[in-house]
Number of protein chains: 2
Amino acid sequence: MSETLKVDRLDLRILAQLQKNGRMTNVDLADAVGLSPSPCLIRVKRLEQAGYIGGYGAQLRLEKLGDTLTVFTEVTLADHHREDFIRFEAAIRDVDEILECHLVSGGYDYLLKFMTRGVNHYQEVIEGLLERNIGIEKYFSYIVIKSPFIKTHYPIERLFPHQR
Amino acid sequence: MSETLKVDRLDLRILAQLQKNGRMTNVDLADAVGLSPSPCLIRVKRLEQAGYIGGYGAQLRLEKLGDTLTVFTEVTLADHHREDFIRFEAAIRDVDEILECHLVSGGYDYLLKFMTRGVNHYQEVIEGLLERNIGIEKYFSYIVIKSPFIKTHYPIERLFPHQR
DNA sequence: AGTGAAAGCGAGGCCGG
DNA sequence: CCGGCCTCGCTTTCACT
C-alpha cells in the first residue's frame, strides 16, 4: 500500500490524465498515454496499490446546492508541548465542518478551513470547540467572500521536471 | 449546464456516494442509493449536466512522488478599485503553482495556496509575481510544516439537512 | 516489459408498467 | 418516473512475443 517503487514517465502521464478525468475509460487512458489497454491497466493498479492514487472523487459544486460559507481560521494554542498538538489535532479531526488542518510556521499555529451553512453554523461549531477545552488560546476568522478559482489538478510535470 | 433544478433526497445520496468514490460503477451506485441502474444513470447524467458535478478526478498523493512544499500566502493590494481586483485575479490565475485563490474579509485581501517543489521554487514564483507589478502592496507567507488532515469529501446531508 | 485475443460484465437506449 | 431487457463496448485475464 505504501511502497516507494519507481515511477517512470509513462506513469506520470497516467497520473496526470487520471487527475484531470478520473472516470476516463482504460482504453481512452491507454490511448492518451500511448499504451495498449492491458499494460495500462496494470500500471494503474500498481499506482493505486502503491498509494500514489489515494482515491477517486466527484468534484461537487456544493455552492450550487444551497448556501455555503467557507472560513479560514488561524488558531494559536495555549501551550506547545507535543501532547498539546496531538490533543488538538485529535479533537478537530472528527469535526465534519473542518475540511483542512495545516500546521504552519509563523504568527500562529494552525490554519483551518471550514465549510458551513452560514455564519450561525460556523459560530456554533467554533463555540463547540472552545467549550471542549482543547488548548485553543485564541483564534481569528477570515470569512471567504469569493473564491476566484480553486484548481483541482496540478501539472505534475512541473513538480518532477526530470523524471526518467 | 447551470440550471437550478430540484434535487431530491435520492440525488443527494447519489452525490454523496460519487464524492466518496467517483469510479464506482452505475450498478453499484444504484444499489447503494436504492434504485435500479437505468433511472440512477439518468439522474447522474442530469446532475452532471446541471453542473452539480464539476468533474471527476483522481486524488494524487503528490508528496509521495517527491518533495513538495505547501504555502499559504496572505496578499494585500495597494489599491482597492474594482479594476485592481480584476487585474490581480487575472494575473495569478495562470500561475500553475497557485492552487487556490480566496478573497477574504479581514486583515488582508487574498489568501493564496501554493504548491511548489521547495522554498527556492516558491521564492521564484513570488518574485515573478512581484516583478509583474500586479498591484501587490505586501504579502506574508505561512509555510505548511504538516497537514494533519485534508478531507476530500463533505457530508452533504449536513449542509442541506431538510431537503425533501 | 507490451500485444492481441477471448470471456465476462457494465453502460446506455427502448419498451412496458 | 421507475424497472427489465438487450446490444454494444469496455474491462480484465491469459497465452504469446
# chains A, B, ... in the order shown; residues from 1 in each chain; ligands from 1
$ residues_around --residues "segment 1-11 of chain D" --least-positions-apart "4" --cutoff "8 Å" --atoms "only C-alpha atoms (C1' of nucleotides)" --output "list in words"
Thr25, Asn26 and Val27 of chain A; Ser36, Ser38 and Pro39 of chain B; DC9 of chain C
$ write_last_selection --atoms "C-alpha atoms (C1' of nucleotides)" --output "tab-separated table (two decimals), in the first residue's frame"
chain	number	residue	atom	x	y	z
A	25	THR	CA	-12.10	4.50	-19.55
A	26	ASN	CA	-9.00	2.41	-19.55
A	27	VAL	CA	-8.92	2.26	-23.34
B	36	SER	CA	-32.25	0.29	-10.34
B	38	SER	CA	-31.36	2.88	-15.52
B	39	PRO	CA	-33.03	5.68	-13.56
C	9	DC	C1'	-19.84	-7.54	-17.29
$ select_by_dssp --residues "chain B" --states "helix (DSSP H, G or I)" --output "mmCIF file with C-alpha atoms, in the first residue's frame"
data_model
loop_
_atom_site.group_PDB
_atom_site.id
_atom_site.type_symbol
_atom_site.label_atom_id
_atom_site.label_comp_id
_atom_site.auth_asym_id
_atom_site.auth_seq_id
_atom_site.Cartn_x
_atom_site.Cartn_y
_atom_site.Cartn_z
ATOM 1 C CA ARG B 9 -33.042 13.086 -1.306
ATOM 2 C CA LEU B 10 -32.087 10.433 -3.841
ATOM 3 C CA ASP B 11 -29.941 12.899 -5.733
ATOM 4 C CA LEU B 12 -28.188 13.897 -2.551
ATOM 5 C CA ARG B 13 -27.398 10.265 -1.843
ATOM 6 C CA ILE B 14 -26.023 9.858 -5.328
ATOM 7 C CA LEU B 15 -23.819 12.917 -4.909
ATOM 8 C CA ALA B 16 -22.606 11.697 -1.536
ATOM 9 C CA GLN B 17 -21.661 8.333 -2.995
ATOM 10 C CA LEU B 18 -19.886 9.749 -6.020
ATOM 11 C CA GLN B 19 -17.998 12.171 -3.827
ATOM 12 C CA LYS B 20 -16.580 9.254 -1.878
ATOM 13 C CA ASN B 26 -23.519 2.626 -12.047
ATOM 14 C CA VAL B 27 -24.931 -0.674 -10.849
ATOM 15 C CA ASP B 28 -23.134 -0.378 -7.519
ATOM 16 C CA LEU B 29 -24.257 3.211 -7.219
ATOM 17 C CA ALA B 30 -27.842 2.266 -7.997
ATOM 18 C CA ASP B 31 -27.666 -0.436 -5.378
ATOM 19 C CA ALA B 32 -26.196 1.919 -2.783
ATOM 20 C CA VAL B 33 -28.929 4.516 -3.187
ATOM 21 C CA PRO B 37 -29.445 1.126 -12.756
ATOM 22 C CA SER B 38 -31.363 2.877 -15.516
ATOM 23 C CA PRO B 39 -33.030 5.677 -13.556
ATOM 24 C CA CYS B 40 -29.879 6.001 -11.498
ATOM 25 C CA LEU B 41 -27.800 6.641 -14.577
ATOM 26 C CA ILE B 42 -30.294 9.186 -15.818
ATOM 27 C CA ARG B 43 -30.065 11.058 -12.534
ATOM 28 C CA VAL B 44 -26.280 11.056 -12.651
ATOM 29 C CA LYS B 45 -26.321 12.485 -16.152
ATOM 30 C CA ARG B 46 -28.796 15.117 -15.059
ATOM 31 C CA LEU B 47 -26.642 16.106 -12.127
ATOM 32 C CA GLU B 48 -23.592 16.353 -14.361
ATOM 33 C CA GLN B 49 -25.374 18.424 -16.978
ATOM 34 C CA LEU B 62 1.913 14.232 -4.711
ATOM 35 C CA GLU B 63 4.121 14.188 -1.648
ATOM 36 C CA LYS B 64 4.794 10.508 -2.310
ATOM 37 C CA LEU B 65 6.202 11.334 -5.722
ATOM 38 C CA ARG B 82 -12.680 47.007 -8.995
ATOM 39 C CA GLU B 83 -10.068 47.005 -11.737
ATOM 40 C CA ASP B 84 -7.307 46.286 -9.230
ATOM 41 C CA PHE B 85 -9.024 43.086 -8.123
ATOM 42 C CA ILE B 86 -9.716 42.036 -11.681
ATOM 43 C CA ARG B 87 -6.148 42.635 -12.800
ATOM 44 C CA PHE B 88 -4.709 40.732 -9.843
ATOM 45 C CA GLU B 89 -7.003 37.759 -10.263
ATOM 46 C CA ALA B 90 -6.393 37.548 -13.978
ATOM 47 C CA ALA B 91 -2.638 37.646 -13.463
ATOM 48 C CA ILE B 92 -2.437 34.877 -10.892
ATOM 49 C CA ARG B 93 -4.999 32.590 -12.483
ATOM 50 C CA VAL B 119 11.333 27.162 -0.861
ATOM 51 C CA ASN B 120 13.526 28.108 -3.800
ATOM 52 C CA HIS B 121 10.792 27.317 -6.261
ATOM 53 C CA TYR B 122 8.297 29.241 -4.129
ATOM 54 C CA GLN B 123 10.580 32.228 -3.960
ATOM 55 C CA GLU B 124 10.996 32.213 -7.737
ATOM 56 C CA VAL B 125 7.255 32.232 -8.251
ATOM 57 C CA ILE B 126 6.674 35.013 -5.733
ATOM 58 C CA GLU B 127 9.420 37.150 -7.224
ATOM 59 C CA GLY B 128 7.970 36.579 -10.645
ATOM 60 C CA LEU B 129 4.656 37.929 -9.379
ATOM 61 C CA LEU B 130 6.194 40.990 -7.775
ATOM 62 C CA GLU B 131 8.107 41.864 -10.930
ATOM 63 C CA ILE B 156 -23.532 16.940 2.334
ATOM 64 C CA GLU B 157 -26.556 15.949 4.438
ATOM 65 C CA ARG B 158 -25.114 18.332 6.979
ATOM 66 C CA LEU B 159 -25.201 21.226 4.553
#
$ interface_residues --of "chain B" --to "chain A" --cutoff "6 Å" --atoms "only C-alpha atoms" --output "CSV table (one decimal) with N, CA and C atoms, in the first residue's frame"
chain,number,residue,atom,x,y,z
B,18,LEU,N,-20.9,9.4,-5.0
B,18,LEU,CA,-19.9,9.7,-6.0
B,18,LEU,C,-18.7,10.6,-5.5
B,19,GLN,N,-19.0,11.4,-4.4
B,19,GLN,CA,-18.0,12.2,-3.8
B,19,GLN,C,-17.0,11.3,-3.2
B,20,LYS,N,-17.5,10.2,-2.6
B,20,LYS,CA,-16.6,9.3,-1.9
B,20,LYS,C,-15.8,8.4,-2.9
B,21,ASN,N,-16.6,7.9,-3.9
B,21,ASN,CA,-15.9,7.1,-4.9
B,21,ASN,C,-16.5,7.4,-6.3
B,22,GLY,N,-15.7,8.2,-6.9
B,22,GLY,CA,-16.1,8.7,-8.3
B,22,GLY,C,-16.1,7.6,-9.3
B,23,ARG,N,-15.4,6.5,-9.0
B,23,ARG,CA,-15.3,5.5,-10.0
B,23,ARG,C,-16.2,4.3,-9.9
B,52,TYR,N,-24.0,20.2,-11.0
B,52,TYR,CA,-23.7,19.9,-9.6
B,52,TYR,C,-22.5,19.1,-9.5
B,53,ILE,N,-22.1,18.4,-10.5
B,53,ILE,CA,-20.9,17.6,-10.5
B,53,ILE,C,-20.0,18.3,-11.5
B,54,GLY,N,-18.9,18.9,-11.0
B,54,GLY,CA,-18.0,19.7,-11.9
B,54,GLY,C,-17.0,18.8,-12.6
B,55,GLY,N,-16.8,17.6,-12.2
B,55,GLY,CA,-15.9,16.7,-12.8
B,55,GLY,C,-15.5,15.6,-11.9
B,56,TYR,N,-14.7,14.7,-12.4
B,56,TYR,CA,-14.2,13.6,-11.6
B,56,TYR,C,-12.7,13.6,-11.6
B,57,GLY,N,-12.0,13.3,-10.5
B,57,GLY,CA,-10.6,13.4,-10.5
B,57,GLY,C,-10.0,12.4,-9.6
B,58,ALA,N,-8.8,11.9,-10.0
B,58,ALA,CA,-8.0,11.0,-9.0
B,58,ALA,C,-7.4,11.9,-8.0
B,59,GLN,N,-7.4,11.5,-6.8
B,59,GLN,CA,-6.7,12.2,-5.7
B,59,GLN,C,-5.3,11.7,-5.6
B,60,LEU,N,-4.3,12.5,-6.1
B,60,LEU,CA,-2.9,12.1,-6.1
B,60,LEU,C,-2.2,12.4,-4.8
B,61,ARG,N,-1.4,11.5,-4.4
B,61,ARG,CA,-0.5,11.8,-3.2
B,61,ARG,C,0.8,12.3,-3.7
B,99,LEU,N,-2.8,27.1,-6.3
B,99,LEU,CA,-3.9,26.2,-6.4
B,99,LEU,C,-5.2,26.8,-6.1
B,100,GLU,N,-5.2,27.7,-5.1
B,100,GLU,CA,-6.5,28.3,-4.6
B,100,GLU,C,-6.3,29.8,-4.4
B,101,CYS,N,-7.3,30.5,-4.7
B,101,CYS,CA,-7.3,32.0,-4.5
B,101,CYS,C,-8.6,32.4,-3.8
B,102,HIS,N,-8.6,32.9,-2.7
B,102,HIS,CA,-9.8,33.3,-1.9
B,102,HIS,C,-9.7,34.8,-1.6
B,103,LEU,N,-10.8,35.5,-1.8
B,103,LEU,CA,-10.9,36.9,-1.4
B,103,LEU,C,-11.6,36.8,0.0
B,104,VAL,N,-10.9,37.4,1.0
B,104,VAL,CA,-11.4,37.3,2.3
B,104,VAL,C,-11.7,38.6,3.0
B,105,SER,N,-12.5,38.6,4.0
B,105,SER,CA,-12.7,39.8,4.8
B,105,SER,C,-11.8,39.8,6.0
B,106,GLY,N,-11.2,40.9,6.3
B,106,GLY,CA,-10.4,40.9,7.5
B,106,GLY,C,-9.1,41.7,7.2
B,117,ARG,N,8.0,22.9,-5.4
B,117,ARG,CA,9.0,21.9,-5.1
B,117,ARG,C,9.7,22.1,-3.9
B,142,TYR,N,3.0,31.8,4.9
B,142,TYR,CA,2.9,30.8,6.0
B,142,TYR,C,3.3,29.4,5.4
B,143,ILE,N,4.4,28.9,5.8
B,143,ILE,CA,4.9,27.7,5.2
B,143,ILE,C,4.2,26.5,6.0
B,144,VAL,N,3.7,25.6,5.3
B,144,VAL,CA,3.0,24.5,5.9
B,144,VAL,C,4.0,23.4,6.3
B,145,ILE,N,4.1,23.1,7.6
B,145,ILE,CA,5.0,22.2,8.2
B,145,ILE,C,4.4,20.8,8.0
B,146,LYS,N,3.2,20.7,8.3
B,146,LYS,CA,2.5,19.4,8.3
B,146,LYS,C,1.0,19.6,8.1
B,147,SER,N,0.4,18.7,7.3
B,147,SER,CA,-1.1,18.8,7.2
B,147,SER,C,-1.7,17.6,7.8
B,148,PRO,N,-2.1,17.7,9.1
B,148,PRO,CA,-2.6,16.5,9.8
B,148,PRO,C,-3.8,15.9,9.0
B,149,PHE,N,-4.6,16.7,8.4
B,149,PHE,CA,-5.6,16.0,7.5
B,149,PHE,C,-6.1,17.0,6.5
B,150,ILE,N,-6.5,16.5,5.3
B,150,ILE,CA,-7.2,17.2,4.3
B,150,ILE,C,-8.3,16.3,3.8
B,151,LYS,N,-9.5,16.7,4.1
B,151,LYS,CA,-10.6,15.8,3.7
B,151,LYS,C,-11.0,16.0,2.3
B,159,LEU,N,-25.0,19.9,5.2
B,159,LEU,CA,-25.2,21.2,4.6
B,159,LEU,C,-26.7,21.5,4.2
$ interface_residues --of "chain C" --to "chain B" --cutoff "12 Å" --atoms "only C-alpha atoms (C1' of nucleotides)" --output "PyMOL selection string"
chain C and resi 9-14
$ select_by_dssp --residues "chain B" --states "strand (DSSP E or B)" --output "VMD selection string"
chain B and resid 53 to 60 69 to 77 98 to 105 110 to 116 136 to 150
$ atom_distance --atom1 "atom C1' of DG4 of chain C" --atom2 "atom C1' of DC16 of chain D"
9.0 Å
$ atom_distance --atom1 "atom CA of Gly34 of chain A" --atom2 "atom C1' of DG2 of chain C"
11.3 Å
